[in-house]
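The block underneath contains the structure these notes are about, expressed in structure tokens.
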Amino acid sequence: MNIIKVKDYAAMSEKVCTYLIDKIQTLDNPVLGLATGSTPEGMYKCLIEKYNKGEVSFKDVLTFNLDEYVGLEKNDPNSYYFYMNDKLFRHVDVLERNTHLPNGTAENLDQECKDYERVIRDACYVDVQVLGLGLNGHIGFNEPGTPFTSRTHVVELDESTRNANSRFFDSMEDVPAKAITMGIETIMESKEIVLLVYGEKKADAVARLLEGEVSEDFPASVLQQHDYVTIIADEAALSKVGNQILNK
Ligand code: F6R
């Protein structure tokens, strides 16, 4: 794994932004895998700024988001559909038909999961998947214990994940109990993965990801088995990682 250590959140956002722009400019029909949450917000702001300056166009870009809550309508401010429009899509020239998120209000959720897999396959898989990291090591909404062989599926969210995400909702009861997420195997099929992490509160998780054993108890550890992973993390997030790993 290639580790890029940056000073702080702003530097992480700028670094991944220029990294993605470089990919968008070099790939023919770039397929980006996108994440939501606090971590990529600065990245999206930076992408919009660069777009406004004419430094990047999204007209040939396809996107696939990692996950979506079950039961939230698209116009619900807490849905990831809403988030993506608000934070990126409506500000740039990406074509709506080229943007994809699992539909958390589909009548048949299992069919929705299969369809999502098919559309990713038809797009010849994700070129660069951006990931955030859950405190419990989740990637997408693949909670500890999820088989590494999982494909897109419906998950019951961990209490700790619902707690962490409750900051966006009026009350804990409003946080959905389920979500649809790309599976671990689906994520691992991405040709390249960029994991973003910032802040001291993720330091234990990053150390376990880099130094711990590969285990389904800590989903992100699977990334040790991917051939092309770049971690862009700030000093605080890397504060518990030994120098022998950082200088490898
Ligand atoms: C979001 C996602 C999650 C988040 C993770 C970190 O689409 O799949 O795995 O990346 O929960 O969230 P933040 O960035 O809010 O700390």
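Please note that chains go A, B, ... in the order of the structure tokens, that every chain numbers its residues from 1, and that ligands are numbered from 1 in the order shown.
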| said: List the spatial neighbours of Leu34 in chain A as a list in words - criterion: any atom at most 8 Å away, only C-alpha atoms, same-chain residues fewer than 6 positions off excluded. | reply: Thr63, Phe64, Asn65, Leu66, Gln129, Val130 and Leu131 of chain A
Residue subset to file, keeping N, CA, C and O atoms, as an mmCIF file, in the first residue's frame:
data_model
loop_
_atom_site.group_PDB
_atom_site.id
_atom_site.type_symbol
_atom_site.label_atom_id
_atom_site.label_comp_id
_atom_site.auth_asym_id
_atom_site.auth_seq_id
_atom_site.Cartn_x
_atom_site.Cartn_y
_atom_site.Cartn_z
ATOM 1 N N THR A 63 -20.107 7.462 -12.438
ATOM 2 C CA THR A 63 -19.884 7.321 -10.996
ATOM 3 C C THR A 63 -20.775 6.234 -10.404
ATOM 4 O O THR A 63 -21.905 6.026 -10.845
ATOM 5 N N PHE A 64 -20.225 5.559 -9.414
ATOM 6 C CA PHE A 64 -20.978 4.569 -8.632
ATOM 7 C C PHE A 64 -20.734 4.863 -7.161
ATOM 8 O O PHE A 64 -19.578 4.844 -6.714
ATOM 9 N N ASN A 65 -21.798 5.138 -6.432
ATOM 10 C CA ASN A 65 -21.608 5.322 -4.984
ATOM 11 C C ASN A 65 -21.597 3.992 -4.263
ATOM 12 O O ASN A 65 -22.191 3.008 -4.710
ATOM 13 N N LEU A 66 -20.925 4.023 -3.140
ATOM 14 C CA LEU A 66 -20.776 2.804 -2.342
ATOM 15 C C LEU A 66 -22.077 2.326 -1.733
ATOM 16 O O LEU A 66 -22.313 1.129 -1.619
ATOM 17 N N GLN A 129 -11.782 3.718 -6.801
ATOM 18 C CA GLN A 129 -12.795 3.742 -5.741
ATOM 19 C C GLN A 129 -12.272 4.572 -4.564
ATOM 20 O O GLN A 129 -11.227 4.259 -3.998
ATOM 21 N N VAL A 130 -12.999 5.623 -4.227
ATOM 22 C CA VAL A 130 -12.652 6.425 -3.047
ATOM 23 C C VAL A 130 -13.375 5.837 -1.839
ATOM 24 O O VAL A 130 -14.582 5.590 -1.888
ATOM 25 N N LEU A 131 -12.630 5.625 -0.762
ATOM 26 C CA LEU A 131 -13.226 5.079 0.461
ATOM 27 C C LEU A 131 -12.937 5.981 1.654
ATOM 28 O O LEU A 131 -11.858 6.576 1.740
#
| request: Check which residues fall inside 7 Å of ligand 1 when counting only C-alpha atoms and all ligand atoms, and print them as an NGL selection string. | output: :A and (35-40 or 65-67 or 131-134 or 138-141 or 161)
| field | Shell of 8 Å around range 190-199 of chain A, only C-alpha atoms, local chain residues under 6 positions omitted, as number ranges by chain | value | A: 8-9, 12, 39-40, 125-133, 206, 227-237
Expected file: the selected residues, N, CA and C atoms, as an mmCIF file, in the first residue's frame:
data_model
loop_
_atom_site.group_PDB
_atom_site.id
_atom_site.type_symbol
_atom_site.label_atom_id
_atom_site.label_comp_id
_atom_site.auth_asym_id
_atom_site.auth_seq_id
_atom_site.Cartn_x
_atom_site.Cartn_y
_atom_site.Cartn_z
ATOM 1 N N ASP A 8 -2.916 18.027 7.050
ATOM 2 C CA ASP A 8 -4.229 18.142 7.688
ATOM 3 C C ASP A 8 -5.345 17.843 6.686
ATOM 4 N N TYR A 9 -6.574 18.086 7.126
ATOM 5 C CA TYR A 9 -7.746 17.774 6.300
ATOM 6 C C TYR A 9 -7.706 18.509 4.954
ATOM 7 N N MET A 12 -5.290 16.875 2.676
ATOM 8 C CA MET A 12 -5.809 15.577 2.206
ATOM 9 C C MET A 12 -6.810 15.797 1.067
ATOM 10 N N THR A 39 -15.670 12.744 5.458
ATOM 11 C CA THR A 39 -14.303 12.689 4.917
ATOM 12 C C THR A 39 -14.175 13.284 3.507
ATOM 13 N N PRO A 40 -15.054 12.912 2.544
ATOM 14 C CA PRO A 40 -14.812 13.420 1.185
ATOM 15 C C PRO A 40 -15.399 14.807 0.894
ATOM 16 N N TYR A 125 -16.409 -2.230 -14.517
ATOM 17 C CA TYR A 125 -15.900 -2.079 -13.141
ATOM 18 C C TYR A 125 -15.318 -0.680 -12.865
ATOM 19 N N VAL A 126 -15.154 -0.433 -11.573
ATOM 20 C CA VAL A 126 -14.720 0.893 -11.116
ATOM 21 C C VAL A 126 -13.209 1.050 -11.334
ATOM 22 N N ASP A 127 -12.820 2.187 -11.901
ATOM 23 C CA ASP A 127 -11.385 2.440 -12.092
ATOM 24 C C ASP A 127 -10.726 2.885 -10.791
ATOM 25 N N VAL A 128 -11.339 3.879 -10.145
ATOM 26 C CA VAL A 128 -10.771 4.377 -8.881
ATOM 27 C C VAL A 128 -11.885 4.491 -7.854
ATOM 28 N N GLN A 129 -11.782 3.718 -6.801
ATOM 29 C CA GLN A 129 -12.795 3.742 -5.741
ATOM 30 C C GLN A 129 -12.272 4.572 -4.564
ATOM 31 N N VAL A 130 -12.999 5.623 -4.227
ATOM 32 C CA VAL A 130 -12.652 6.425 -3.047
ATOM 33 C C VAL A 130 -13.375 5.837 -1.839
ATOM 34 N N LEU A 131 -12.630 5.625 -0.762
ATOM 35 C CA LEU A 131 -13.226 5.079 0.461
ATOM 36 C C LEU A 131 -12.937 5.981 1.654
ATOM 37 N N GLY A 132 -13.902 6.042 2.582
ATOM 38 C CA GLY A 132 -13.625 6.553 3.920
ATOM 39 C C GLY A 132 -13.473 5.338 4.827
ATOM 40 N N LEU A 133 -13.156 5.583 6.086
ATOM 41 C CA LEU A 133 -12.937 4.474 7.014
ATOM 42 C C LEU A 133 -13.819 4.640 8.247
ATOM 43 N N VAL A 206 -6.727 3.253 11.697
ATOM 44 C CA VAL A 206 -5.691 3.235 10.644
ATOM 45 C C VAL A 206 -4.549 2.297 11.050
ATOM 46 N N ASP A 227 -3.945 -5.000 -4.839
ATOM 47 C CA ASP A 227 -2.639 -4.663 -5.441
ATOM 48 C C ASP A 227 -2.384 -3.170 -5.582
ATOM 49 N N TYR A 228 -3.442 -2.371 -5.536
ATOM 50 C CA TYR A 228 -3.251 -0.970 -5.889
ATOM 51 C C TYR A 228 -4.085 -0.077 -4.965
ATOM 52 N N VAL A 229 -3.552 0.126 -3.764
ATOM 53 C CA VAL A 229 -4.247 0.955 -2.773
ATOM 54 C C VAL A 229 -3.365 2.138 -2.404
ATOM 55 N N THR A 230 -3.938 3.312 -2.408
ATOM 56 C CA THR A 230 -3.240 4.497 -1.919
ATOM 57 C C THR A 230 -4.013 5.031 -0.720
ATOM 58 N N ILE A 231 -3.313 5.248 0.373
ATOM 59 C CA ILE A 231 -3.960 5.839 1.551
ATOM 60 C C ILE A 231 -3.491 7.284 1.648
ATOM 61 N N ILE A 232 -4.430 8.192 1.637
ATOM 62 C CA ILE A 232 -4.074 9.603 1.836
ATOM 63 C C ILE A 232 -4.607 9.980 3.210
ATOM 64 N N ALA A 233 -3.689 10.239 4.142
ATOM 65 C CA ALA A 233 -4.098 10.439 5.531
ATOM 66 C C ALA A 233 -3.315 11.594 6.135
ATOM 67 N N ASP A 234 -3.940 12.253 7.102
ATOM 68 C CA ASP A 234 -3.216 13.360 7.732
ATOM 69 C C ASP A 234 -2.364 12.856 8.899
ATOM 70 N N GLU A 235 -1.559 13.773 9.434
ATOM 71 C CA GLU A 235 -0.611 13.389 10.493
ATOM 72 C C GLU A 235 -1.328 12.788 11.693
ATOM 73 N N ALA A 236 -2.466 13.392 12.060
ATOM 74 C CA ALA A 236 -3.185 12.919 13.247
ATOM 75 C C ALA A 236 -3.674 11.478 13.043
ATOM 76 N N ALA A 237 -4.189 11.182 11.865
ATOM 77 C CA ALA A 237 -4.708 9.830 11.608
ATOM 78 C C ALA A 237 -3.588 8.795 11.588
#
Taking the chain letters and numbering used in this document, name the residues of range 98-204 of chain A that DSSP puts in strand (DSSP E), as a tab-separated table (two decimals) with all heavy atoms, in the first residue's frame.
chain	number	residue	atom	x	y	z
A	99	THR	N	-24.55	8.82	-13.36
A	99	THR	CA	-24.33	8.74	-11.91
A	99	THR	C	-25.21	7.62	-11.34
A	99	THR	O	-26.36	7.47	-11.74
A	99	THR	CB	-24.68	10.07	-11.21
A	99	THR	OG1	-26.07	10.33	-11.34
A	99	THR	CG2	-23.87	11.22	-11.78
A	100	HIS	N	-24.65	6.84	-10.45
A	100	HIS	CA	-25.39	5.69	-9.91
A	100	HIS	C	-25.26	5.60	-8.39
A	100	HIS	O	-24.16	5.74	-7.86
A	100	HIS	CB	-24.85	4.38	-10.51
A	100	HIS	CG	-24.85	4.37	-12.00
A	100	HIS	ND1	-23.80	4.86	-12.75
A	100	HIS	CD2	-25.77	3.96	-12.88
A	100	HIS	CE1	-24.08	4.73	-14.03
A	100	HIS	NE2	-25.28	4.19	-14.15
A	128	VAL	N	-11.34	3.88	-10.14
A	128	VAL	CA	-10.77	4.38	-8.88
A	128	VAL	C	-11.89	4.49	-7.85
A	128	VAL	O	-12.83	5.26	-8.04
A	128	VAL	CB	-10.14	5.78	-9.04
A	128	VAL	CG1	-9.39	6.16	-7.76
A	128	VAL	CG2	-9.23	5.84	-10.23
A	129	GLN	N	-11.78	3.72	-6.80
A	129	GLN	CA	-12.80	3.74	-5.74
A	129	GLN	C	-12.27	4.57	-4.56
A	129	GLN	O	-11.23	4.26	-4.00
A	129	GLN	CB	-13.11	2.32	-5.26
A	129	GLN	CG	-14.04	2.25	-4.08
A	129	GLN	CD	-15.46	2.72	-4.42
A	129	GLN	OE1	-16.10	2.19	-5.31
A	129	GLN	NE2	-15.94	3.74	-3.71
A	130	VAL	N	-13.00	5.62	-4.23
A	130	VAL	CA	-12.65	6.43	-3.05
A	130	VAL	C	-13.37	5.84	-1.84
A	130	VAL	O	-14.58	5.59	-1.89
A	130	VAL	CB	-13.08	7.90	-3.24
A	130	VAL	CG1	-12.80	8.71	-1.98
A	130	VAL	CG2	-12.38	8.51	-4.45
A	131	LEU	N	-12.63	5.63	-0.76
A	131	LEU	CA	-13.23	5.08	0.46
A	131	LEU	C	-12.94	5.98	1.65
A	131	LEU	O	-11.86	6.58	1.74
A	131	LEU	CB	-12.61	3.71	0.81
A	131	LEU	CG	-12.83	2.52	-0.11
A	131	LEU	CD1	-12.10	1.31	0.46
A	131	LEU	CD2	-14.32	2.22	-0.26
A	153	HIS	N	-25.29	-5.79	-1.15
A	153	HIS	CA	-26.29	-6.44	-0.30
A	153	HIS	C	-26.92	-5.45	0.68
A	153	HIS	O	-26.43	-4.32	0.84
A	153	HIS	CB	-25.66	-7.62	0.46
A	153	HIS	CG	-24.56	-7.22	1.40
A	153	HIS	ND1	-23.35	-6.70	0.99
A	153	HIS	CD2	-24.49	-7.21	2.76
A	153	HIS	CE1	-22.59	-6.42	2.03
A	153	HIS	NE2	-23.27	-6.71	3.11
A	154	VAL	N	-27.99	-5.93	1.32
A	154	VAL	CA	-28.66	-5.11	2.34
A	154	VAL	C	-28.01	-5.44	3.68
A	154	VAL	O	-27.77	-6.60	3.99
A	154	VAL	CB	-30.17	-5.45	2.39
A	154	VAL	CG1	-30.86	-4.65	3.49
A	154	VAL	CG2	-30.82	-5.17	1.04
A	155	VAL	N	-27.71	-4.39	4.46
A	155	VAL	CA	-27.08	-4.62	5.77
A	155	VAL	C	-27.89	-3.99	6.89
A	155	VAL	O	-28.54	-2.97	6.71
A	155	VAL	CB	-25.67	-3.97	5.89
A	155	VAL	CG1	-24.66	-4.75	5.16
A	155	VAL	CG2	-25.67	-2.52	5.47
A	156	GLU	N	-27.79	-4.61	8.05
A	156	GLU	CA	-28.28	-4.00	9.30
A	156	GLU	C	-27.11	-3.17	9.80
A	156	GLU	O	-26.01	-3.70	9.97
A	156	GLU	CB	-28.53	-5.08	10.36
A	156	GLU	CG	-29.56	-6.13	10.00
A	156	GLU	CD	-30.95	-5.69	10.40
A	156	GLU	OE1	-31.08	-4.69	11.14
A	156	GLU	OE2	-31.91	-6.36	9.95
A	178	LYS	N	-31.10	0.14	8.27
A	178	LYS	CA	-30.54	-0.68	7.18
A	178	LYS	C	-29.99	0.20	6.07
A	178	LYS	O	-30.39	1.36	5.92
A	178	LYS	CB	-31.65	-1.55	6.57
A	178	LYS	CG	-32.13	-2.65	7.47
A	178	LYS	CD	-33.15	-3.45	6.71
A	178	LYS	CE	-33.73	-4.56	7.58
A	178	LYS	NZ	-34.73	-5.32	6.87
A	179	ALA	N	-29.13	-0.40	5.29
A	179	ALA	CA	-28.59	0.28	4.11
A	179	ALA	C	-28.30	-0.76	3.04
A	179	ALA	O	-28.24	-1.96	3.33
A	179	ALA	CB	-27.31	1.03	4.48
A	180	ILE	N	-28.14	-0.27	1.81
A	180	ILE	CA	-27.60	-1.13	0.74
A	180	ILE	C	-26.15	-0.71	0.57
A	180	ILE	O	-25.84	0.48	0.53
A	180	ILE	CB	-28.32	-0.89	-0.60
A	180	ILE	CG1	-29.79	-1.28	-0.50
A	180	ILE	CG2	-27.64	-1.68	-1.73
A	180	ILE	CD1	-30.54	-1.15	-1.83
A	181	THR	N	-25.27	-1.67	0.48
A	181	THR	CA	-23.86	-1.33	0.26
A	181	THR	C	-23.24	-2.25	-0.79
A	181	THR	O	-23.62	-3.42	-0.91
A	181	THR	CB	-23.06	-1.44	1.58
A	181	THR	OG1	-21.70	-1.08	1.34
A	181	THR	CG2	-23.08	-2.85	2.17
A	192	GLU	N	-8.42	0.29	-8.75
A	192	GLU	CA	-7.57	1.05	-7.82
A	192	GLU	C	-8.45	1.58	-6.68
A	192	GLU	O	-9.62	1.88	-6.90
A	192	GLU	CB	-6.95	2.22	-8.59
A	192	GLU	CG	-6.14	3.09	-7.71
A	192	GLU	CD	-5.49	4.27	-8.44
A	192	GLU	OE1	-5.54	4.35	-9.69
A	192	GLU	OE2	-4.94	5.12	-7.73
A	193	ILE	N	-7.85	1.67	-5.51
A	193	ILE	CA	-8.60	2.16	-4.33
A	193	ILE	C	-7.83	3.29	-3.67
A	193	ILE	O	-6.61	3.19	-3.49
A	193	ILE	CB	-8.84	1.01	-3.33
A	193	ILE	CG1	-9.80	-0.02	-3.94
A	193	ILE	CG2	-9.38	1.54	-2.00
A	193	ILE	CD1	-10.03	-1.26	-3.12
A	194	VAL	N	-8.52	4.36	-3.35
A	194	VAL	CA	-7.91	5.46	-2.59
A	194	VAL	C	-8.69	5.61	-1.29
A	194	VAL	O	-9.88	5.90	-1.30
A	194	VAL	CB	-7.96	6.80	-3.38
A	194	VAL	CG1	-7.33	7.91	-2.55
A	194	VAL	CG2	-7.27	6.66	-4.71
A	195	LEU	N	-8.01	5.36	-0.18
A	195	LEU	CA	-8.65	5.46	1.13
A	195	LEU	C	-8.25	6.78	1.77
A	195	LEU	O	-7.06	7.11	1.86
A	195	LEU	CB	-8.21	4.30	2.02
A	195	LEU	CG	-8.76	4.32	3.43
A	195	LEU	CD1	-10.15	3.70	3.49
A	195	LEU	CD2	-7.85	3.60	4.40
A	196	LEU	N	-9.26	7.52	2.21
A	196	LEU	CA	-9.00	8.83	2.85
A	196	LEU	C	-9.26	8.73	4.34
A	196	LEU	O	-10.29	8.19	4.76
A	196	LEU	CB	-9.96	9.88	2.28
A	196	LEU	CG	-9.98	10.05	0.77
A	196	LEU	CD1	-11.03	11.10	0.39
A	196	LEU	CD2	-8.60	10.48	0.28
A	197	VAL	N	-8.34	9.26	5.13
A	197	VAL	CA	-8.56	9.27	6.58
A	197	VAL	C	-7.96	10.54	7.17
A	197	VAL	O	-6.85	10.94	6.80
A	197	VAL	CB	-7.88	8.09	7.32
A	197	VAL	CG1	-8.68	7.73	8.55
A	197	VAL	CG2	-7.66	6.89	6.46
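Counting only C-alpha atoms, range 79-87 of chain A has the following residues at most 6 Å away, ignoring those fewer than 5 positions along the same chain: Glu68, Leu72 and Lys74 of chain A.
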Only N, CA and C atoms, please: the residues just picked out, written as a PDB file, in the first residue's frame.
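Final file, again.pdb:
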ATOM      1  N   GLU A  68     -26.235   3.427   0.170  1.00  0.00           N
ATOM      2  CA  GLU A  68     -27.415   4.291   0.361  1.00  0.00           C
ATOM      3  C   GLU A  68     -28.245   3.713   1.497  1.00  0.00           C
ATOM      4  N   LEU A  72     -34.976   5.937   2.796  1.00  0.00           N
ATOM      5  CA  LEU A  72     -34.993   7.394   2.655  1.00  0.00           C
ATOM      6  C   LEU A  72     -35.257   7.761   1.192  1.00  0.00           C
ATOM      7  N   LYS A  74     -35.272  10.081  -2.236  1.00  0.00           N
ATOM      8  CA  LYS A  74     -34.158  10.830  -2.840  1.00  0.00           C
ATOM      9  C   LYS A  74     -34.090  12.280  -2.351  1.00  0.00           C
TER      10      LYS A  74
END
| query | Excluding same-chain residues fewer than 6 positions from range 25-28 of chain A, what lies within 10 Å of it counting only C-alpha atoms, as number ranges by chain? | reply | A: 55-58, 60-61, 127
Given the selection you just returned, output its residues as a file containing all heavy atoms, formatted as a short mmCIF file (atom, residue, chain, number, x, y, z; two decimals), in the first residue's frame.
data_model
loop_
_atom_site.label_atom_id
_atom_site.label_comp_id
_atom_site.auth_asym_id
_atom_site.auth_seq_id
_atom_site.Cartn_x
_atom_site.Cartn_y
_atom_site.Cartn_z
N GLU A 55 -10.59 23.48 -15.10
CA GLU A 55 -9.47 22.53 -15.03
C GLU A 55 -9.89 21.07 -15.15
O GLU A 55 -9.05 20.19 -15.28
CB GLU A 55 -8.69 22.74 -13.71
CG GLU A 55 -7.98 24.08 -13.69
CD GLU A 55 -7.30 24.37 -12.37
OE1 GLU A 55 -6.93 23.42 -11.66
OE2 GLU A 55 -7.16 25.56 -12.04
N VAL A 56 -11.19 20.80 -15.11
CA VAL A 56 -11.66 19.41 -15.23
C VAL A 56 -13.11 19.42 -15.73
O VAL A 56 -13.87 20.35 -15.47
CB VAL A 56 -11.56 18.66 -13.87
CG1 VAL A 56 -12.45 19.28 -12.81
CG2 VAL A 56 -11.86 17.18 -14.02
N SER A 57 -13.43 18.39 -16.51
CA SER A 57 -14.81 18.19 -16.94
C SER A 57 -15.22 16.77 -16.57
O SER A 57 -14.41 15.85 -16.59
CB SER A 57 -14.92 18.38 -18.45
OG SER A 57 -16.16 17.85 -18.88
N PHE A 58 -16.49 16.63 -16.22
CA PHE A 58 -17.01 15.33 -15.80
C PHE A 58 -17.92 14.72 -16.86
O PHE A 58 -18.64 13.78 -16.60
CB PHE A 58 -17.79 15.48 -14.47
CG PHE A 58 -16.92 15.88 -13.32
CD1 PHE A 58 -16.55 17.21 -13.13
CD2 PHE A 58 -16.44 14.93 -12.43
CE1 PHE A 58 -15.75 17.59 -12.06
CE2 PHE A 58 -15.64 15.29 -11.37
CZ PHE A 58 -15.29 16.63 -11.18
N ASP A 60 -17.49 12.88 -19.38
CA ASP A 60 -17.28 11.47 -19.75
C ASP A 60 -17.15 10.57 -18.54
O ASP A 60 -16.77 9.39 -18.65
CB ASP A 60 -16.00 11.34 -20.60
CG ASP A 60 -16.13 12.08 -21.91
OD1 ASP A 60 -17.25 12.07 -22.47
OD2 ASP A 60 -15.13 12.68 -22.36
N VAL A 61 -17.41 11.12 -17.36
CA VAL A 61 -17.19 10.35 -16.12
C VAL A 61 -18.46 9.57 -15.74
O VAL A 61 -19.56 10.08 -15.84
CB VAL A 61 -16.81 11.32 -14.97
CG1 VAL A 61 -16.73 10.58 -13.64
CG2 VAL A 61 -15.49 12.01 -15.27
N ASP A 127 -12.82 2.19 -11.90
CA ASP A 127 -11.39 2.44 -12.09
C ASP A 127 -10.73 2.89 -10.79
O ASP A 127 -9.67 2.38 -10.42
CB ASP A 127 -11.18 3.54 -13.15
CG ASP A 127 -11.50 3.05 -14.55
OD1 ASP A 127 -10.98 1.99 -14.93
OD2 ASP A 127 -12.30 3.70 -15.24
#
